[in-house]
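K.L.:
entry02.tsv is the file, holding TSV, C-alpha atoms:
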```
chain	number	residue	atom	x	y	z
A	1	GLY	CA	0.00	0.00	0.00
A	2	ALA	CA	0.86	3.67	-0.17
A	3	VAL	CA	3.17	5.17	2.43
A	4	VAL	CA	2.44	8.25	4.51
A	5	SER	CA	5.04	9.66	6.86
A	6	GLN	CA	4.54	12.00	9.76
A	7	HIS	CA	7.06	14.01	11.70
A	8	PRO	CA	7.74	14.26	14.55
A	9	SER	CA	6.45	11.05	16.10
A	10	ARG	CA	6.55	12.51	19.58
A	11	VAL	CA	6.83	16.06	20.83
A	12	ILE	CA	6.74	17.64	24.25
A	13	CYS	CA	6.27	21.38	24.44
A	14	LYS	CA	5.54	24.01	27.02
A	15	SER	CA	2.17	25.64	27.37
A	16	GLY	CA	1.87	28.70	25.13
A	17	THR	CA	4.30	27.56	22.47
A	18	SER	CA	3.49	26.37	18.94
A	19	VAL	CA	4.16	23.00	17.40
A	20	LYS	CA	4.27	22.07	13.72
A	21	ILE	CA	3.51	18.55	12.51
A	22	GLU	CA	4.36	17.48	8.97
A	23	CYS	CA	2.55	14.88	6.91
A	24	ARG	CA	3.99	13.58	3.66
A	25	SER	CA	2.76	11.12	1.08
A	26	LEU	CA	5.95	9.37	0.01
A	27	ASP	CA	5.05	7.43	-3.10
A	28	PHE	CA	1.92	9.10	-4.40
A	29	GLN	CA	0.39	12.52	-4.84
A	30	ALA	CA	-2.44	13.38	-2.51
A	31	THR	CA	-4.77	16.17	-3.51
A	32	THR	CA	-6.65	15.64	-0.28
A	33	MET	CA	-5.24	15.07	3.18
A	34	PHE	CA	-7.08	14.75	6.47
A	35	TRP	CA	-6.10	15.54	10.03
A	36	TYR	CA	-7.48	13.53	12.92
A	37	ARG	CA	-7.13	13.70	16.66
A	38	GLN	CA	-7.54	10.76	18.97
A	39	PHE	CA	-7.81	10.82	22.75
A	40	PRO	CA	-7.04	7.68	24.76
A	41	LYS	CA	-9.53	4.88	24.23
A	42	GLN	CA	-11.63	6.99	21.91
A	43	SER	CA	-12.22	6.86	18.19
A	44	LEU	CA	-10.56	9.13	15.68
A	45	MET	CA	-12.12	12.55	15.40
A	46	LEU	CA	-11.79	14.34	12.08
A	47	MET	CA	-10.41	17.83	12.58
A	48	ALA	CA	-10.11	19.13	9.04
A	49	THR	CA	-9.90	18.28	5.38
A	50	SER	CA	-6.99	19.78	3.52
A	51	ASN	CA	-6.99	20.28	-0.24
A	52	GLU	CA	-3.81	21.20	-2.06
A	53	GLY	CA	-3.65	24.88	-2.90
A	54	SER	CA	-6.80	25.88	-1.04
A	55	LYS	CA	-7.96	26.59	2.48
A	56	ALA	CA	-8.69	23.69	4.76
A	57	THR	CA	-12.23	22.80	5.71
A	58	TYR	CA	-12.57	22.50	9.47
A	59	GLU	CA	-15.07	20.34	11.32
A	60	GLN	CA	-17.49	21.94	13.70
A	61	GLY	CA	-15.89	22.82	17.01
A	62	VAL	CA	-12.31	22.88	15.68
A	63	GLU	CA	-10.72	26.32	15.94
A	64	LYS	CA	-9.10	27.20	12.63
A	65	ASP	CA	-6.99	29.94	14.21
A	66	LYS	CA	-5.59	27.50	16.72
A	67	PHE	CA	-4.99	24.58	14.36
A	68	LEU	CA	-3.37	26.04	11.27
A	69	ILE	CA	-3.29	23.74	8.27
A	70	ASN	CA	-1.23	24.31	5.16
A	71	HIS	CA	-1.30	22.03	2.13
A	72	ALA	CA	1.33	23.65	-0.04
A	73	SER	CA	2.09	20.74	-2.33
A	74	LEU	CA	0.62	17.43	-3.47
A	75	THR	CA	2.83	15.54	-1.05
A	76	LEU	CA	2.97	17.75	2.04
A	77	SER	CA	0.47	19.05	4.55
A	78	THR	CA	1.33	20.66	7.87
A	79	LEU	CA	-0.65	21.14	11.05
A	80	THR	CA	0.50	23.84	13.46
A	81	VAL	CA	-0.94	23.84	16.95
A	82	THR	CA	-0.63	27.45	18.08
A	83	SER	CA	-0.43	28.55	21.71
A	84	ALA	CA	-0.70	24.96	22.84
A	85	HIS	CA	-2.32	24.13	26.17
A	86	PRO	CA	-2.34	20.89	28.17
A	87	GLU	CA	-5.82	20.03	26.88
A	88	ASP	CA	-4.33	19.93	23.36
A	89	SER	CA	-2.26	16.92	24.39
A	90	SER	CA	-3.42	14.13	22.12
A	91	PHE	CA	-2.50	11.76	19.31
A	92	TYR	CA	-2.62	13.60	15.99
A	93	ILE	CA	-2.86	11.49	12.85
A	94	CYS	CA	-2.81	12.58	9.24
A	95	SER	CA	-4.24	10.68	6.33
A	96	ALA	CA	-3.80	11.00	2.59
A	97	ARG	CA	-6.15	9.87	-0.12
A	98	THR	CA	-5.00	8.31	-3.37
A	99	THR	CA	-6.58	8.92	-6.77
A	100	ASN	CA	-8.55	5.67	-6.44
A	101	ARG	CA	-9.98	6.86	-3.14
A	102	GLU	CA	-8.01	4.59	-0.85
A	103	GLN	CA	-6.97	6.39	2.30
A	104	TYR	CA	-3.77	5.73	4.19
A	105	PHE	CA	-2.66	6.98	7.56
A	106	GLY	CA	0.60	8.33	8.84
A	107	PRO	CA	2.07	6.80	12.01
A	108	GLY	CA	0.74	9.63	14.18
A	109	THR	CA	2.29	12.30	16.40
A	110	ARG	CA	1.89	12.15	20.15
A	111	LEU	CA	1.79	15.69	21.51
A	112	THR	CA	2.26	16.39	25.18
A	113	VAL	CA	1.87	19.94	26.40
A	114	THR	CA	3.29	20.62	29.86
B	1	GLY	CA	-24.90	12.55	8.17
B	2	GLN	CA	-23.61	9.09	8.92
B	3	ASN	CA	-24.64	6.49	11.45
B	4	ILE	CA	-22.24	3.58	11.74
B	5	ASP	CA	-22.79	0.68	14.12
B	6	GLN	CA	-20.39	-2.09	15.04
B	7	PRO	CA	-20.01	-4.18	18.18
B	8	THR	CA	-17.91	-2.61	20.88
B	9	GLU	CA	-15.96	-5.69	21.88
B	10	MET	CA	-15.43	-9.25	20.69
B	11	THR	CA	-13.34	-12.15	21.93
B	12	ALA	CA	-12.18	-15.07	19.82
B	13	THR	CA	-9.78	-17.98	20.13
B	14	GLU	CA	-6.42	-18.25	18.42
B	15	GLY	CA	-6.76	-20.20	15.16
B	16	ALA	CA	-10.48	-19.55	14.89
B	17	ILE	CA	-12.50	-17.38	12.49
B	18	VAL	CA	-14.22	-14.17	13.58
B	19	GLN	CA	-16.66	-11.93	11.74
B	20	ILE	CA	-16.99	-8.27	12.67
B	21	ASN	CA	-20.19	-6.69	11.40
B	22	CYS	CA	-20.82	-3.10	10.48
B	23	THR	CA	-24.12	-1.48	9.56
B	24	TYR	CA	-24.45	2.02	8.26
B	25	GLN	CA	-27.02	4.60	7.31
B	26	THR	CA	-25.86	7.39	5.03
B	27	SER	CA	-27.47	9.73	2.55
B	28	GLY	CA	-24.70	9.03	0.03
B	29	PHE	CA	-22.16	6.27	-0.47
B	30	ASN	CA	-18.70	6.30	-2.00
B	31	GLY	CA	-17.19	3.24	-0.41
B	32	LEU	CA	-16.54	1.52	2.90
B	33	PHE	CA	-13.20	1.10	4.60
B	34	TRP	CA	-11.90	-1.28	7.22
B	35	TYR	CA	-8.88	-0.37	9.30
B	36	GLN	CA	-6.94	-2.11	12.03
B	37	GLN	CA	-5.60	-0.07	14.91
B	38	HIS	CA	-3.31	-1.37	17.62
B	39	ALA	CA	-3.22	0.52	20.88
B	40	GLY	CA	-1.09	3.64	20.65
B	41	GLU	CA	-0.64	3.36	16.90
B	42	ALA	CA	-2.28	4.89	13.85
B	43	PRO	CA	-4.85	2.91	11.85
B	44	THR	CA	-3.64	0.55	9.16
B	45	PHE	CA	-5.57	0.18	5.94
B	46	LEU	CA	-7.15	-3.26	5.49
B	47	SER	CA	-9.72	-2.97	2.74
B	48	TYR	CA	-11.87	-0.69	0.64
B	49	ASN	CA	-15.18	-1.93	-0.80
B	50	VAL	CA	-17.17	0.12	-3.25
B	51	LEU	CA	-19.09	-2.67	-5.04
B	52	ASP	CA	-21.19	-5.45	-3.55
B	53	GLY	CA	-19.52	-8.73	-2.83
B	54	LEU	CA	-16.60	-10.29	-1.06
B	55	GLU	CA	-12.98	-9.22	-1.41
B	56	GLU	CA	-10.29	-11.48	-0.03
B	57	LYS	CA	-6.77	-10.51	1.00
B	58	GLY	CA	-4.96	-13.36	2.63
B	59	ARG	CA	-6.44	-14.05	6.06
B	60	PHE	CA	-8.69	-10.99	5.84
B	61	SER	CA	-11.87	-10.70	3.76
B	62	SER	CA	-14.39	-7.89	3.57
B	63	PHE	CA	-17.97	-8.10	2.35
B	64	LEU	CA	-20.32	-5.34	1.29
B	65	SER	CA	-24.05	-5.17	0.60
B	66	ARG	CA	-25.02	-1.66	-0.37
B	67	SER	CA	-28.76	-2.40	-0.49
B	68	LYS	CA	-28.65	-3.62	3.11
B	69	GLY	CA	-26.19	-1.00	4.38
B	70	TYR	CA	-24.08	-3.83	5.72
B	71	SER	CA	-20.48	-4.93	5.70
B	72	TYR	CA	-18.40	-7.44	7.56
B	73	LEU	CA	-14.72	-8.09	8.08
B	74	LEU	CA	-13.77	-11.75	8.29
B	75	LEU	CA	-10.53	-12.78	9.95
B	76	LYS	CA	-9.35	-16.36	9.51
B	77	GLU	CA	-6.71	-18.36	11.36
B	78	LEU	CA	-6.64	-15.81	14.13
B	79	GLN	CA	-3.29	-14.93	15.63
B	80	MET	CA	-2.55	-13.21	18.91
B	81	LYS	CA	-1.25	-10.19	16.99
B	82	ASP	CA	-4.75	-9.71	15.54
B	83	SER	CA	-5.83	-8.34	18.91
B	84	ALA	CA	-6.65	-4.75	18.01
B	85	SER	CA	-9.48	-2.38	17.28
B	86	TYR	CA	-11.16	-2.72	13.91
B	87	LEU	CA	-12.68	0.42	12.48
B	88	CYS	CA	-15.42	0.59	9.89
B	89	ALA	CA	-15.85	3.88	8.03
B	90	VAL	CA	-18.12	4.94	5.21
B	91	VAL	CA	-17.26	7.66	2.73
B	92	GLU	CA	-20.37	9.70	2.19
B	93	TYR	CA	-18.75	12.49	0.23
B	94	THR	CA	-15.18	13.65	0.91
B	95	PRO	CA	-14.19	13.15	4.56
B	96	LEU	CA	-13.77	9.76	6.13
B	97	VAL	CA	-15.56	9.61	9.45
B	98	PHE	CA	-14.97	6.65	11.72
B	99	GLY	CA	-17.28	4.67	13.89
B	100	LYS	CA	-16.22	3.77	17.41
B	101	GLY	CA	-14.55	0.55	16.34
B	102	THR	CA	-14.65	-3.04	17.59
B	103	ARG	CA	-12.02	-4.09	20.10
B	104	LEU	CA	-11.05	-7.68	19.31
B	105	SER	CA	-9.27	-9.79	21.88
B	106	VAL	CA	-7.67	-13.02	20.70
B	107	ILE	CA	-7.15	-15.56	23.47
B	108	ALA	CA	-5.14	-18.75	23.52
```
Spell out the structure here as structure tokens.
P.N.:
Amino acid sequence: GAVVSQHPSRVICKSGTSVKIECRSLDFQATTMFWYRQFPKQSLMLMATSNEGSKATYEQGVEKDKFLINHASLTLSTLTVTSAHPEDSSFYICSARTTNREQYFGPGTRLTVT
Amino acid sequence: GQNIDQPTEMTATEGAIVQINCTYQTSGFNGLFWYQQHAGEAPTFLSYNVLDGLEEKGRFSSFLSRSKGYSYLLLKELQMKDSASYLCAVVEYTPLVFGKGTRLSVIA
């Protein structure tokens, strides 16, 4: 299957700082990428849909000024958590969709805000 | 919107066969996905069904009936490493929204 990478895999930051997470499709071009958040023992929650070259579409309840998404190329999308707080600590997972609609996930980024 | 139902937990014996069912109600349909997720890890793609019928990939098979809004994931020759959550998700339009998943425990 297609490969999606995510960096970093783990990050610890102080409250009030910003963190950038990168998501790359390594062997295919992804016009659409998705960002999910998952809290312990809960299902994945879609945060936003990112289309290359256009603004991301955020799900209800997700602050677009806090979670900045940039999809500058067909292989790269970034999620920046601005002014992070402890309640933002979570497992963030990106996903990229292929041209035949299959969707593959990156390995996830575990964010801890202290 | 989407309504996806699957059992919360299942237990099966090593070497056995287990079937995880998923029913859905959506206003549109562009395919159904099954993913495996081990604790602390991201989901892994298992299958994508867009037409009715059974698709087999090694020990894993996935079935879809669009008229019934029903799918199942069949796991054969269960191994201990198959203990994980199995997520069913239906693509209505663009985003992929997940159900709560089925936590499968494989016991010796």
K.L.:
Need to verify the contact set: segment 33-44 of chain A, 10 Å, only C-alpha atoms, exclusion of same-chain residues closer than 2 positions in sequence. Can you return it as a ChimeraX atom specification?
P.N.:
/A:23-25,30-31,46-52,56-58,69,71,74-79,88-98,103-106,108-110 /B:39-40,42-43,85,87,94-101
K.L.:
I'd like the interatomic distance between atom CA of Leu54 of chain B and atom CA of Ala16 of chain B, to a tenth of an Å.
P.N.:
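Spanning atom CA of Leu54 of chain B to atom CA of Ala16 of chain B is a straight-line distance of 19.4 Å.
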K.L.:
Leaving out Pro7 of chain B and any residue of its chain fewer than 4 positions from it, which residues lie within 10 Å of it when counting only C-alpha atoms, given as a count of residues only?
P.N.:
10
K.L.:
Name the residues within 9 Å of (8.3, 7.8, 10.0), counting all atoms listed in the file in the file's coordinates, and put them as a list of chain:residue names.
P.N.:
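Final list of nearby residues, as requested, is A:Val4, A:Ser5, A:Gln6, A:His7, A:Pro8, A:Ser9, A:Gly106, A:Pro107, A:Gly108.
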K.L.:
Export C-alpha atoms of the chosen residues as a PDB file, in the frame of the given file?
P.N.:
```
ATOM      1  CA  VAL A   4       2.440   8.250   4.510  1.00  0.00           C
ATOM      2  CA  SER A   5       5.040   9.660   6.860  1.00  0.00           C
ATOM      3  CA  GLN A   6       4.540  12.000   9.760  1.00  0.00           C
ATOM      4  CA  HIS A   7       7.060  14.010  11.700  1.00  0.00           C
ATOM      5  CA  PRO A   8       7.740  14.260  14.550  1.00  0.00           C
ATOM      6  CA  SER A   9       6.450  11.050  16.100  1.00  0.00           C
ATOM      7  CA  GLY A 106       0.600   8.330   8.840  1.00  0.00           C
ATOM      8  CA  PRO A 107       2.070   6.800  12.010  1.00  0.00           C
ATOM      9  CA  GLY A 108       0.740   9.630  14.180  1.00  0.00           C
TER      10      GLY A 108
END
```
K.L.:
From the options A:Thr82, A:Asn100, A:Ser18, A:Thr114, which residue's atoms come nearest to chain B, counting only C-alpha atoms?
P.N.:
A:Asn100
